[in-house]
>>> print(open('input_13.txt').read())   # compact mmCIF, C-alpha atoms
# COMPACT_ATOMS: atom_id res chain seq x y z
CA MET A 330 93.94 1.71 -78.97
CA LYS A 331 93.68 -0.69 -81.90
CA VAL A 332 93.53 0.59 -85.46
CA HIS A 333 91.78 -1.57 -88.01
CA VAL A 334 91.70 -1.04 -91.77
CA ASP A 335 89.28 -3.04 -93.90
CA MET A 336 91.52 -3.93 -96.82
CA ASN A 337 88.48 -4.90 -98.89
CA LEU A 338 87.54 -1.22 -98.79
CA CYS A 339 90.97 0.48 -98.82
CA GLN A 340 91.82 1.97 -102.21
CA SER A 341 95.17 3.50 -101.28
CA HIS A 342 94.05 7.13 -101.37
CA GLY A 343 96.60 7.84 -98.67
CA GLU A 344 94.54 10.34 -96.69
CA CYS A 345 95.54 8.49 -93.51
CA VAL A 346 99.19 8.59 -94.58
CA LEU A 347 98.99 12.37 -94.83
CA VAL A 348 97.29 12.64 -91.43
CA ALA A 349 99.60 10.25 -89.53
CA PRO A 350 102.65 9.13 -91.53
CA ASP A 351 104.13 7.43 -88.47
CA VAL A 352 101.12 5.09 -88.27
CA PHE A 353 100.10 4.58 -91.91
CA ASP A 354 102.29 4.03 -94.95
CA LEU A 355 101.89 3.09 -98.60
CA GLY A 356 104.42 0.55 -99.87
CA ASP A 357 106.08 0.75 -103.27
CA ASP A 358 103.28 -1.55 -104.48
CA ASP A 359 100.73 1.11 -103.34
CA VAL A 360 99.36 -1.27 -100.68
CA LEU A 361 98.65 0.25 -97.25
CA THR A 362 100.45 -0.93 -94.14
CA TRP A 363 99.80 0.40 -90.62
CA LYS A 364 100.59 -0.04 -86.96
CA GLU A 365 97.74 -1.81 -85.20
CA ASP A 366 98.59 -0.60 -81.70
CA VAL A 367 98.62 3.16 -81.27
CA PRO A 368 99.08 5.08 -77.99
CA GLU A 369 95.95 6.65 -76.50
CA ASP A 370 97.37 10.16 -76.85
CA ARG A 371 96.97 9.83 -80.62
CA GLN A 372 93.18 9.55 -80.37
CA ALA A 373 92.55 12.89 -82.14
CA ASP A 374 94.89 11.99 -85.02
CA MET A 375 93.29 8.58 -85.43
CA GLU A 376 89.81 10.10 -85.47
CA ALA A 377 91.02 12.54 -88.11
CA ALA A 378 92.27 9.58 -90.16
CA VAL A 379 88.91 7.82 -89.80
CA ASN A 380 87.10 10.95 -91.02
CA ALA A 381 89.56 11.63 -93.83
CA CYS A 382 89.23 8.17 -95.39
CA PRO A 383 86.91 8.45 -98.42
CA MET A 384 86.28 4.70 -98.34
CA MET A 385 85.32 4.65 -94.63
CA ALA A 386 87.79 1.78 -94.29
CA ILE A 387 89.37 2.73 -90.92
CA SER A 388 87.91 1.88 -87.52
CA LEU A 389 89.22 2.24 -83.98
CA GLU A 390 88.85 0.02 -80.93
CA ASP A 391 89.66 0.98 -77.36
CA MET B 1393 76.82 31.75 -79.72
CA GLU B 1394 73.60 29.93 -78.98
CA ARG B 1395 72.55 28.53 -82.30
CA LEU B 1396 74.64 27.29 -85.21
CA VAL B 1397 72.66 26.45 -88.33
CA ILE B 1398 74.10 24.43 -91.18
CA VAL B 1399 72.20 24.35 -94.46
CA GLY B 1400 73.16 21.29 -96.47
CA ALA B 1401 73.26 17.82 -94.93
CA SER B 1402 75.82 16.10 -97.10
CA LEU B 1403 79.53 15.60 -96.46
CA ALA B 1404 80.51 19.26 -95.94
CA GLY B 1405 77.55 19.98 -93.67
CA LEU B 1406 78.12 16.85 -91.60
CA ARG B 1407 81.83 17.52 -91.19
CA ALA B 1408 81.06 21.10 -90.16
CA ALA B 1409 78.67 19.86 -87.46
CA GLN B 1410 81.21 17.31 -86.22
CA ALA B 1411 83.99 19.90 -86.15
CA ALA B 1412 81.88 22.39 -84.22
CA ARG B 1413 81.11 19.75 -81.59
CA ALA B 1414 84.72 18.59 -81.50
CA GLY B 1415 85.71 22.22 -81.00
CA GLY B 1416 83.62 22.39 -77.84
CA TYR B 1417 80.46 23.98 -79.18
CA ALA B 1418 77.65 22.98 -76.81
CA GLY B 1419 74.80 25.17 -78.10
CA GLU B 1420 71.96 24.27 -80.39
CA LEU B 1421 72.94 22.79 -83.75
CA VAL B 1422 70.45 22.58 -86.62
CA LEU B 1423 71.23 20.71 -89.84
CA VAL B 1424 68.89 21.40 -92.75
CA GLY B 1425 68.93 19.21 -95.87
CA ASP B 1426 66.61 18.97 -98.86
CA GLU B 1427 67.13 15.22 -99.26
CA THR B 1428 65.22 12.88 -96.96
CA HIS B 1429 68.34 10.77 -96.37
CA LEU B 1430 70.81 11.17 -93.55
CA PRO B 1431 74.26 12.18 -94.87
CA TYR B 1432 75.81 9.71 -97.28
CA THR B 1433 78.92 9.55 -99.40
CA ARG B 1434 78.52 10.13 -103.13
CA PRO B 1435 81.58 8.57 -104.83
CA PRO B 1436 80.04 5.04 -104.85
CA LEU B 1437 76.98 6.36 -106.72
CA SER B 1438 78.75 6.08 -110.08
CA LYS B 1439 80.75 2.97 -109.12
CA GLU B 1440 80.16 0.43 -106.34
CA LEU B 1441 76.50 1.28 -105.65
CA LEU B 1442 75.71 1.49 -109.36
CA ALA B 1443 77.52 -1.79 -110.02
CA GLY B 1444 75.49 -3.53 -107.30
CA GLY B 1445 78.50 -4.46 -105.16
CA GLN B 1446 77.46 -2.03 -102.43
CA THR B 1447 74.12 -1.27 -100.80
CA ALA B 1448 72.60 2.15 -100.11
CA ASP B 1449 73.09 1.53 -96.37
CA GLN B 1450 76.81 1.12 -96.92
CA CYS B 1451 76.95 4.64 -98.37
CA ALA B 1452 75.78 6.21 -95.09
CA LEU B 1453 78.30 8.52 -93.46
CA PRO B 1454 78.63 7.68 -89.76
CA HIS B 1455 77.49 10.56 -87.58
CA GLY B 1456 77.82 8.91 -84.18
CA THR B 1457 76.48 10.73 -81.16
CA LEU B 1458 76.26 14.13 -82.79
CA ASP B 1459 73.71 16.18 -80.86
CA VAL B 1460 71.88 17.81 -83.71
CA ARG B 1461 68.35 18.77 -84.76
CA TRP B 1462 67.89 17.33 -88.23
CA ARG B 1463 65.52 19.10 -90.64
CA LEU B 1464 65.68 16.66 -93.55
CA GLY B 1465 63.59 16.64 -96.70
CA ILE B 1466 63.12 20.41 -96.38
CA ALA B 1467 64.95 22.88 -98.61
CA ALA B 1468 66.06 26.27 -97.34
CA THR B 1469 64.44 28.88 -99.57
CA THR B 1470 65.42 32.29 -98.21
CA LEU B 1471 68.19 33.95 -96.24
CA ASP B 1472 67.75 37.20 -94.31
CA CYS B 1473 71.28 38.19 -93.26
CA ALA B 1474 70.24 41.28 -91.31
CA GLY B 1475 67.63 39.36 -89.35
CA HIS B 1476 69.84 36.26 -89.01
CA ARG B 1477 67.03 34.06 -90.31
CA VAL B 1478 66.78 31.15 -92.75
CA GLY B 1479 63.39 30.41 -94.25
CA LEU B 1480 62.51 26.79 -95.03
CA ALA B 1481 60.20 25.42 -97.69
CA ASP B 1482 57.64 24.29 -95.10
CA GLY B 1483 57.33 27.82 -93.71
CA GLU B 1484 59.53 27.37 -90.65
CA VAL B 1485 61.92 30.23 -89.95
CA VAL B 1486 65.17 29.21 -88.27
CA GLU B 1487 67.15 31.90 -86.49
CA TYR B 1488 70.91 31.59 -86.25
CA ASP B 1489 73.85 33.26 -84.59
CA ARG B 1490 76.27 31.72 -87.07
CA LEU B 1491 75.37 30.03 -90.34
CA ILE B 1492 77.27 27.61 -92.58
CA LEU B 1493 76.15 27.29 -96.20
CA ALA B 1494 76.74 23.81 -97.62
CA THR B 1495 74.01 23.36 -100.21
CA GLY B 1496 76.39 21.86 -102.77
CA CYS B 1497 75.55 21.32 -106.40
CA ARG B 1498 72.96 19.56 -108.47
CA ALA B 1499 73.35 17.79 -111.80
CA ARG B 1500 73.39 20.29 -114.65
CA ASP B 1501 70.27 19.63 -116.68
CA TRP B 1502 69.58 19.77 -120.39
CA ARG B 1503 66.14 21.02 -121.38
CA GLY B 1504 66.01 19.97 -125.02
CA PRO B 1505 63.28 17.93 -126.78
CA GLY B 1506 62.67 14.52 -125.24
CA ARG B 1507 64.19 15.34 -121.85
CA ASP B 1508 61.19 13.96 -119.98
CA LEU B 1509 61.03 10.59 -121.74
CA ALA B 1510 61.38 7.52 -119.55
CA GLY B 1511 64.92 6.17 -119.58
CA VAL B 1512 66.61 9.60 -119.41
CA HIS B 1513 68.68 10.00 -116.25
CA THR B 1514 70.93 12.35 -114.35
CA LEU B 1515 73.15 11.25 -111.48
CA ARG B 1516 73.68 13.21 -108.30
CA HIS B 1517 71.65 11.68 -105.48
CA ILE B 1518 71.43 8.18 -104.09
CA ASP B 1519 67.94 7.76 -105.55
CA ASP B 1520 69.33 8.70 -109.00
CA SER B 1521 71.94 5.97 -108.68
CA LEU B 1522 69.39 3.32 -107.70
CA ALA B 1523 67.11 4.37 -110.57
CA LEU B 1524 69.97 4.21 -113.06
CA ARG B 1525 71.03 0.85 -111.63
CA SER B 1526 67.66 -0.71 -112.34
CA ALA B 1527 67.58 0.91 -115.79
CA LEU B 1528 70.95 -0.68 -116.58
CA GLN B 1529 69.52 -4.07 -115.60
CA GLU B 1530 66.88 -3.84 -118.28
CA GLY B 1531 68.52 -1.77 -121.00
CA LYS B 1532 71.12 -2.94 -123.47
CA ARG B 1533 72.36 0.28 -125.06
CA LEU B 1534 73.51 3.18 -122.89
CA VAL B 1535 74.33 6.60 -124.32
CA ILE B 1536 76.18 8.93 -121.94
CA VAL B 1537 76.15 12.62 -122.78
CA GLY B 1538 79.26 14.18 -121.27
CA ALA B 1539 82.64 12.53 -120.68
CA GLY B 1540 83.55 14.17 -117.40
CA PHE B 1541 84.28 12.08 -114.34
CA ILE B 1542 80.70 10.95 -113.76
CA GLY B 1543 80.20 10.07 -117.42
CA CYS B 1544 83.47 8.16 -117.62
CA GLU B 1545 82.90 6.27 -114.38
CA VAL B 1546 79.39 5.26 -115.37
CA ALA B 1547 80.73 4.13 -118.76
CA ALA B 1548 83.21 1.86 -116.99
CA THR B 1549 80.57 0.51 -114.59
CA ALA B 1550 78.09 -0.14 -117.41
CA ARG B 1551 80.69 -1.92 -119.55
CA LYS B 1552 81.45 -4.25 -116.63
CA ARG B 1553 77.73 -5.01 -116.55
CA GLY B 1554 77.82 -5.88 -120.24
CA LEU B 1555 75.99 -2.92 -121.76
CA GLU B 1556 76.85 -1.38 -125.10
CA VAL B 1557 78.08 2.08 -124.20
CA THR B 1558 78.56 5.22 -126.28
CA LEU B 1559 80.24 8.18 -124.63
CA LEU B 1560 79.52 11.56 -126.23
CA GLU B 1561 81.62 14.62 -125.45
CA ILE B 1562 81.29 18.08 -126.92
CA ALA B 1563 84.98 18.89 -126.22
CA PRO B 1564 87.84 17.35 -128.24
CA HIS B 1565 88.63 14.83 -125.47
CA PRO B 1566 87.20 13.39 -122.22
CA LEU B 1567 88.07 14.83 -118.79
CA LEU B 1568 88.53 18.34 -120.13
CA PRO B 1569 90.36 19.82 -117.08
CA LEU B 1570 93.16 17.26 -117.39
CA GLY B 1571 94.22 18.52 -120.83
CA PRO B 1572 94.52 16.78 -124.21
CA GLU B 1573 97.39 14.37 -123.36
CA LEU B 1574 95.70 12.76 -120.36
CA GLY B 1575 92.22 13.16 -121.81
CA GLY B 1576 93.39 11.31 -124.91
CA ARG B 1577 94.69 8.45 -122.79
CA CYS B 1578 91.35 8.31 -121.03
CA ALA B 1579 89.58 8.07 -124.40
CA ARG B 1580 91.90 5.16 -125.36
CA LEU B 1581 91.22 3.43 -122.05
CA HIS B 1582 87.49 3.48 -122.76
CA GLU B 1583 87.94 2.38 -126.37
CA GLU B 1584 90.12 -0.54 -125.25
CA ASN B 1585 87.26 -1.55 -122.98
CA GLY B 1586 84.74 -1.51 -125.77
CA VAL B 1587 83.16 1.94 -125.36
CA GLU B 1588 82.47 3.96 -128.46
CA VAL B 1589 83.91 7.40 -127.67
CA ARG B 1590 82.68 10.27 -129.85
CA CYS B 1591 84.21 13.65 -129.11
CA GLY B 1592 83.27 16.98 -130.65
CA THR B 1593 79.68 15.75 -130.58
CA SER B 1594 76.55 16.97 -128.83
CA ILE B 1595 72.89 15.98 -128.88
CA THR B 1596 70.05 18.02 -130.33
CA ALA B 1597 67.13 15.85 -129.22
CA ILE B 1598 66.20 12.69 -127.38
CA LEU B 1599 63.81 10.58 -129.44
CA GLY B 1600 61.06 8.14 -128.47
CA THR B 1601 57.37 8.00 -127.68
CA GLU B 1602 57.08 7.20 -123.98
CA ARG B 1603 60.53 5.72 -123.58
CA VAL B 1604 63.75 6.87 -125.15
CA SER B 1605 64.65 4.95 -128.31
CA ALA B 1606 67.49 7.06 -129.71
CA VAL B 1607 69.34 10.33 -129.42
CA GLN B 1608 69.78 12.74 -132.30
CA LEU B 1609 73.30 14.09 -132.75
CA ASP B 1610 74.30 17.53 -133.95
CA ASP B 1611 75.21 16.15 -137.39
CA GLY B 1612 71.58 14.99 -137.75
CA SER B 1613 72.34 11.29 -137.34
CA GLU B 1614 70.56 9.09 -134.81
CA LEU B 1615 72.06 6.78 -132.24
CA PRO B 1616 69.84 4.02 -130.78
CA ALA B 1617 69.56 4.05 -126.98
CA ASP B 1618 67.59 2.26 -124.26
CA VAL B 1619 69.01 4.42 -121.50
CA VAL B 1620 70.47 7.95 -121.65
CA LEU B 1621 72.56 9.52 -118.91
CA LEU B 1622 72.96 13.28 -119.00
CA ALA B 1623 76.35 13.81 -117.35
CA LEU B 1624 76.88 17.48 -118.04
CA GLY B 1625 78.56 18.49 -114.83
CA ALA B 1626 77.21 20.17 -111.75
CA GLN B 1627 75.66 23.50 -110.92
CA PRO B 1628 75.90 25.20 -107.50
CA ASN B 1629 72.70 25.51 -105.49
CA THR B 1630 72.85 29.25 -104.86
CA GLU B 1631 69.44 30.36 -106.13
CA TRP B 1632 67.99 30.45 -102.63
CA LEU B 1633 70.64 33.05 -101.72
CA ALA B 1634 69.61 35.51 -104.44
CA GLY B 1635 68.47 38.72 -102.79
CA SER B 1636 70.27 37.90 -99.54
CA GLY B 1637 72.95 40.48 -100.26
CA LEU B 1638 75.71 37.86 -100.23
CA GLU B 1639 78.19 38.17 -103.07
CA LEU B 1640 77.48 35.46 -105.64
CA ASN B 1641 79.43 34.37 -108.70
CA ALA B 1642 78.83 30.84 -109.87
CA GLY B 1643 79.21 30.09 -106.17
CA VAL B 1644 79.27 32.03 -102.90
CA VAL B 1645 82.24 34.38 -102.70
CA CYS B 1646 84.32 33.92 -99.55
CA ASP B 1647 87.71 34.90 -98.18
CA ALA B 1648 90.43 32.34 -97.54
CA THR B 1649 88.86 31.41 -94.19
CA LEU B 1650 85.62 30.41 -95.97
CA THR B 1651 83.85 33.43 -94.45
CA THR B 1652 81.46 35.08 -96.90
CA THR B 1653 82.77 38.44 -98.05
CA GLY B 1654 79.56 40.20 -97.06
CA ASP B 1655 78.83 38.78 -93.63
CA PRO B 1656 81.25 37.50 -90.95
CA ASP B 1657 78.49 35.41 -89.34
CA ILE B 1658 78.08 33.33 -92.50
CA LEU B 1659 80.59 30.78 -93.77
CA SER B 1660 80.45 28.43 -96.72
CA ALA B 1661 81.77 24.90 -97.24
CA GLY B 1662 82.02 22.50 -100.15
CA ASP B 1663 80.96 22.64 -103.79
CA LEU B 1664 79.24 26.03 -103.73
CA THR B 1665 82.16 27.86 -102.13
CA GLU B 1666 84.45 30.21 -104.03
CA TRP B 1667 87.58 31.15 -102.15
CA PRO B 1668 91.00 32.55 -103.06
CA HIS B 1669 93.67 29.87 -103.37
CA ARG B 1670 97.40 30.29 -103.06
CA LEU B 1671 98.11 27.79 -105.84
CA ALA B 1672 95.89 29.79 -108.20
CA GLY B 1673 97.86 32.96 -107.43
CA GLY B 1674 95.15 34.10 -105.05
CA ALA B 1675 92.37 33.88 -107.65
CA LEU B 1676 88.95 32.58 -106.62
CA VAL B 1677 88.47 28.85 -107.15
CA ARG B 1678 85.49 26.55 -106.75
CA VAL B 1679 86.12 22.84 -106.31
CA GLU B 1680 83.64 19.95 -106.44
CA HIS B 1681 85.74 17.16 -104.92
CA TRP B 1682 84.92 14.87 -102.00
CA THR B 1683 88.09 15.70 -100.10
CA THR B 1684 87.63 19.45 -100.44
CA ALA B 1685 84.06 19.19 -99.15
CA ALA B 1686 85.32 17.22 -96.13
CA GLU B 1687 88.17 19.66 -95.46
CA HIS B 1688 85.96 22.70 -95.97
CA GLY B 1689 83.31 21.35 -93.63
CA GLN B 1690 85.83 20.66 -90.94
CA LEU B 1691 87.41 24.11 -91.25
CA ALA B 1692 84.12 26.00 -91.49
CA GLY B 1693 82.82 24.19 -88.40
CA ARG B 1694 85.89 25.24 -86.44
CA ASN B 1695 86.04 28.75 -87.87
CA ALA B 1696 82.37 29.39 -87.12
CA LEU B 1697 83.22 29.21 -83.41
CA LEU B 1698 85.87 31.91 -83.73
CA ASP B 1699 85.96 35.66 -84.27
CA PRO B 1700 86.74 36.47 -87.91
CA ALA B 1701 90.31 37.63 -87.14
CA GLU B 1702 91.15 34.26 -85.53
CA ARG B 1703 89.91 32.08 -88.37
CA ALA B 1704 92.33 29.84 -90.28
CA PRO B 1705 92.55 29.75 -94.08
CA HIS B 1706 91.91 26.73 -96.29
CA GLU B 1707 95.14 26.11 -98.19
CA ALA B 1708 95.25 22.38 -98.98
CA PRO B 1709 95.64 21.66 -102.69
CA PRO B 1710 92.48 20.06 -104.13
CA TYR B 1711 92.66 16.28 -104.46
CA PHE B 1712 90.40 13.96 -106.38
CA TRP B 1713 90.33 10.46 -107.72
CA SER B 1714 88.39 8.54 -110.31
CA ASP B 1715 88.23 4.77 -110.78
CA GLN B 1716 87.68 3.58 -114.32
CA TYR B 1717 88.15 -0.13 -115.10
CA GLU B 1718 91.45 -1.13 -113.47
CA THR B 1719 92.82 2.41 -113.59
CA LYS B 1720 92.88 4.70 -110.59
CA ILE B 1721 93.24 8.30 -111.74
CA GLN B 1722 94.36 10.69 -109.00
CA SER B 1723 95.00 14.38 -109.18
CA VAL B 1724 96.26 17.10 -106.89
CA GLY B 1725 96.34 20.83 -107.49
CA PHE B 1726 94.83 22.59 -110.48
CA PRO B 1727 95.55 20.75 -113.78
CA ALA B 1728 93.35 23.23 -115.65
CA LEU B 1729 95.66 26.06 -114.61
CA ALA B 1730 98.80 24.35 -115.94
CA ALA B 1731 100.14 25.44 -119.32
CA HIS B 1732 100.10 21.73 -120.18
CA MET B 1733 100.45 18.42 -118.38
CA GLU B 1734 103.86 16.87 -119.01
CA ILE B 1735 104.04 13.08 -118.84
CA LEU B 1736 107.09 12.07 -116.79
CA GLU B 1737 106.55 8.31 -116.64
CA GLU B 1738 104.36 5.89 -118.52
CA GLU B 1739 104.17 2.08 -118.39
CA PRO B 1740 101.56 0.81 -120.84
CA GLU B 1741 101.64 -2.74 -119.44
CA THR B 1742 100.57 -1.65 -115.92
CA GLY B 1743 98.70 1.48 -116.91
CA ARG B 1744 100.97 3.50 -114.62
CA LEU B 1745 101.44 7.14 -115.53
CA VAL B 1746 102.85 10.20 -113.77
CA ALA B 1747 102.31 13.73 -115.09
CA THR B 1748 102.86 17.20 -113.69
CA GLY B 1749 101.85 20.68 -114.73
CA SER B 1750 103.38 24.07 -114.01
CA ARG B 1751 102.38 27.66 -114.41
CA ASP B 1752 104.99 30.43 -114.52
CA GLY B 1753 107.63 27.91 -113.47
CA GLN B 1754 105.73 26.80 -110.38
CA LEU B 1755 104.28 23.30 -109.95
CA VAL B 1756 100.47 23.62 -109.80
CA ALA B 1757 99.24 20.07 -110.50
CA ALA B 1758 100.16 16.41 -110.59
CA VAL B 1759 98.11 13.57 -112.05
CA THR B 1760 98.85 9.86 -111.73
CA PHE B 1761 97.28 6.70 -113.09
CA ASN B 1762 97.90 3.67 -110.83
CA ALA B 1763 100.66 5.40 -108.87
CA ALA B 1764 99.14 6.21 -105.47
CA LYS B 1765 102.36 6.47 -103.49
CA ARG B 1766 103.81 8.90 -105.98
CA LEU B 1767 100.71 11.08 -105.81
CA ILE B 1768 101.09 11.40 -102.03
CA ALA B 1769 104.56 12.85 -102.53
CA TYR B 1770 103.06 15.49 -104.82
CA ARG B 1771 100.29 16.21 -102.33
CA ARG B 1772 102.94 16.94 -99.71
CA GLU B 1773 104.92 19.08 -102.14
CA LEU B 1774 101.91 21.13 -103.20
CA ALA B 1775 100.70 21.53 -99.61
CA ALA B 1776 103.85 23.47 -98.70
CA PRO B 1777 103.95 27.05 -99.98
CA ALA B 1778 106.66 27.22 -102.64
CA VAL B 1779 109.82 29.00 -101.52
CA GLY B 1780 110.20 32.34 -103.24
CA ALA B 1781 106.95 31.98 -105.16
CA ALA B 1782 104.98 35.13 -105.78
CA GLY B 1783 101.70 35.59 -103.97
>>> encode(input="input_13.txt", output="structure tokens")
Amino acid sequence: MKVHVDMNLCQSHGECVLVAPDVFDLGDDDVLTWKEDVPEDRQADMEAAVNACPMMAISLED
Amino acid sequence: MERLVIVGASLAGLRAAQAARAGGYAGELVLVGDETHLPYTRPPLSKELLAGGQTADQCALPHGTLDVRWRLGIAATTLDCAGHRVGLADGEVVEYDRLILATGCRARDWRGPGRDLAGVHTLRHIDDSLALRSALQEGKRLVIVGAGFIGCEVAATARKRGLEVTLLEIAPHPLLPLGPELGGRCARLHEENGVEVRCGTSITAILGTERVSAVQLDDGSELPADVVLLALGAQPNTEWLAGSGLELNAGVVCDATLTTTGDPDILSAGDLTEWPHRLAGGALVRVEHWTTAAEHGQLAGRNALLDPAERAPHEAPPYFWSDQYETKIQSVGFPALAAHMEILEEEPETGRLVATGSRDGQLVAAVTFNAAKRLIAYRRELAAPAVGAAG
């Protein structure tokens, strides 16, 4: 699945980093980076990341 | 279980409904909320929505294909635990097998002279934010009573919109729970951005004929105002539970699994919940943060499907943030429980700051300004039970 983060919305809260540190990371400049392609077996984690984001910045695509 | 009822249709209630469905619950699900709106997120109400950069539609919380019976615009007014019944304001009685309380808080009001004049606002709901937004378009001088997070964020938003802003606080510094060092820095931040910050000050009256024209301060002086925001904190919506037999303090008393102490079929989630927290030495805490409401909702929705003995505790350290001007304040743990907040790093040119607080030698809180990555490290540290710590 594809993971998309709207960087106009992201405010580096890091909720997604806590949920899935292997997919999301904050750089030393506090800017989010992430893997765009994530295996299907991580669906539950990615949905948890979507729900945890206070800015509603994360979306998933099959 | 055949019917799960959730009272409160904001973040905690929505997350509880989603978690119950995700956990395989296929029975009837009823979500009762006193606002007419579908669930929406509140943090933009003092910032992006108020500033005009975001629309009300953009505040909606996605609820997808949730199979739920919405009862919106109707407050729950009574709870009969023995009969497993919730009474609604329109006379409907909703029976439940399991019940999740998520009625949250409302803005704490002030009932002094002049409260009902036009131009006097509180901020809790989306309609409050839109009303304040249009008031800020017409007014020039805003007086904010209370320098907590809502008061400070609205001050920052209003300054960006060019209003003259005075921030009044009865305590010696803004953001009381963060302690004097960080609160003092917050006061400076607002002063540098042109806000007049007056601490140790309260109001005795709001003056005007039909519209507010000034507020009267406790020293007898008057401060001109076109718009007044009462930002005095929040008060849990527990009145409807009086007489239910549930144990009530300021909030609803629960165990660590968010199950009410009096009734295993009733759980609580979000702002009105009091539960014992490991980081507070097992003392009851009540937390009004977005993230806690989301986490509580999710846990209560899952736990409601289980027998009491199988339910999981809520242990995550509370996290919140506040955006004021170009500064992102973030906090994890319980700063108010720390003996004091010690500043470990400070860079005036970037506004970066890192502070931690301990109690009895154990880390209980960390606060950062413009240091998001660092805060995540503290969230991880505080999420793990301390080795050898008592309790």
>>> residues_around(input="input_13.txt", residues="Ser341 of chain A", least_positions_apart="2", cutoff="10 Å", atoms="only C-alpha atoms", output="MDAnalysis selection string")
(chainID A and resid 336 338:339 343:346 354:356 359:362 382 384) or (chainID B and resid 1720 1762:1765 1768)
>>> residues_around(input="input_13.txt", residues="Gly1600 of chain B", least_positions_apart="3", cutoff="8 Å", atoms="all atoms listed in the file", output="number ranges by chain")
B: 1506, 1509, 1603-1606
>>> residues_around(input="input_13.txt", residues="segment 1431-1443 of chain B", least_positions_apart="5", cutoff="9 Å", atoms="only C-alpha atoms", output="JSON, numbers by chain")
{"A": [383, 384], "B": [1401, 1402, 1403, 1405, 1406, 1425, 1448, 1449, 1450, 1451, 1452, 1453, 1454, 1455, 1515, 1516, 1517, 1518, 1520, 1521, 1522, 1524, 1525, 1526, 1528, 1542, 1543, 1545, 1546, 1548, 1549, 1550, 1552, 1553, 1682, 1714, 1715, 1716]}
>>> atom_distance(input="input_13.txt", atom1="atom CA of Met1393 of chain B", atom2="atom CA of Leu1421 of chain B")
10.6 Å
>>> closest_residue(input="input_13.txt", among="A:Val334, A:Val352, A:Leu347, A:Ala386", to="Val367 of chain A", atoms="only C-alpha atoms")
A:Val352
>>> atom_distance(input="input_13.txt", atom1="atom CA of Trp1632 of chain B", atom2="atom CA of Tyr1417 of chain B")
27.3 Å
>>> residues_around(input="input_13.txt", residues="Pro1727 of chain B", least_positions_apart="6", cutoff="8 Å", atoms="only C-alpha atoms", output="list in words")
Pro1569, Leu1570, Gly1571, Met1733, Gly1749, Val1756, Ala1757, Ala1758 and Val1759 of chain B
>>> residues_around(input="input_13.txt", residues="Ile1466 of chain B", least_positions_apart="4", cutoff="7 Å", atoms="only C-alpha atoms", output="PyMOL selection string")
chain B and resi 1424-1426+1480-1482
>>> decode(input="input_13.txt", residues="segment 342-368 of chain A", atoms="C-alpha atoms", output="compact mmCIF listing (two decimals), in the first residue's frame")
# COMPACT_ATOMS: atom_id res chain seq x y z
CA HIS A 342 3.89 15.71 16.41
CA GLY A 343 5.49 12.33 15.83
CA GLU A 344 2.46 10.20 16.70
CA CYS A 345 3.13 8.15 13.55
CA VAL A 346 6.79 7.78 14.56
CA LEU A 347 5.70 6.26 17.86
CA VAL A 348 3.25 3.91 16.12
CA ALA A 349 5.59 2.73 13.33
CA PRO A 350 9.20 3.89 13.74
CA ASP A 351 10.32 1.72 10.83
CA VAL A 352 8.03 3.65 8.46
CA PHE A 353 8.04 7.19 9.85
CA ASP A 354 10.94 9.23 11.21
CA LEU A 355 11.64 12.78 12.30
CA GLY A 356 14.95 14.20 11.07
CA ASP A 357 17.25 16.34 13.20
CA ASP A 358 15.47 19.33 11.63
CA ASP A 359 12.14 17.97 13.02
CA VAL A 360 10.84 17.38 9.48
CA LEU A 361 9.00 14.09 8.88
CA THR A 362 10.28 11.51 6.42
CA TRP A 363 8.52 8.22 5.62
CA LYS A 364 8.53 5.18 3.39
CA GLU A 365 5.90 5.52 0.68
CA ASP A 366 5.58 1.80 -0.06
CA VAL A 367 4.56 -0.34 2.89
CA PRO A 368 3.75 -4.09 2.82
